[in-house]
Amino acid sequence: MNLLWPLDLGAAFARLAAEAVLGNRDLVVSTFWAYVFDTGNPLPPFGRFTDTGVIHALIPWTQGVADAALAVVVLWGSFHIMWAHGVRSLYTVRILLPRLLLAVLLINFSLPLVQLAVDANNALCQVVQAMGLHFNLVNTLFSRDELGGVPTVPVLVTVALFISYLVLALAYVIRFALLVVLTLVAPLAALLFVLPDTHHYAREWGSLFVTTLFMQPAQLLIIGIGFEFEQANGHSPIRHAFALATVLIAFKVPGAFHATSRAGSHLVAMAKHYAHVASHVK
């Protein structure tokens, strides 16, 4: 009976882990550079985010549907104002007219406005990269020397770190797809803003768009701090543990952003409620 089978099994595991990590390292690195460091068009012919082919192909359709529906809303509002009487009719005009004008602007200029927000996000990402953080996955991570030998704690941490970066890269691919969908439905979200019964759906769209877009600079800063831990700890056996911790923190950013956005919406709603109550008390 071979009493050294646990060591043989561990060595086999280490070899498989090293081959898996090193074989997919370039894929993770290229995905990071394409999706994580800025928001643009990662597909040929590349360029700005709104230059993505599917956006240019479908956005005229969603804008056309939104404009047609907006015309129906205008007709409905006009008849409602003509049939209504008194203060209620004047209140409807005061509320509906500014929203209609804003909806026309948002529907027909949704693409430049989205690109403006993306440019602001990319500027923040460039500020993070200009801070001197070392974003070098190839030279600091996943070297063959670290992955050789039996599956000791450093090897397991390295493999866990690779899996974390792989999941984060896939999450950014999903983020890009979600931003494309949100951009395509932006004209419809502007339409929902017009009617009092549906404007909360427009706020939900805005909250999701802001969270999905602007989580990138915060996550990039956290990941950069992880790379600085890599540089500072040299060849310490636990140096990847600090980088792994920062990646896990980065996964918490979207939830924190969404919670902050919802809290802000609740505060605005409460302020409007108390202002309305105070106006009636007077």
# chains A, B, ... in the order shown; residues from 1 in each chain; ligands from 1
>>> residues_around(residues="stretch 117-132 of chain A", least_positions_apart="2", cutoff="9 Å", atoms="only C-alpha atoms", output="PyMOL selection string")
chain A and resi 37-40+48-50+112-115+134-135+210+213-218+220-221+224
>>> residues_around(residues="A:Leu43", least_positions_apart="6", cutoff="12 Å", atoms="only C-alpha atoms", output="list in words")
Thr31, Ala34, Tyr35, Phe49, Thr50, Asp51, Thr52, Gly53, Val54, Val173 and Phe176 of chain A
>>> atom_distance(atom1="atom CA of A:Ala160", atom2="atom CA of A:Leu244")
7.6 Å
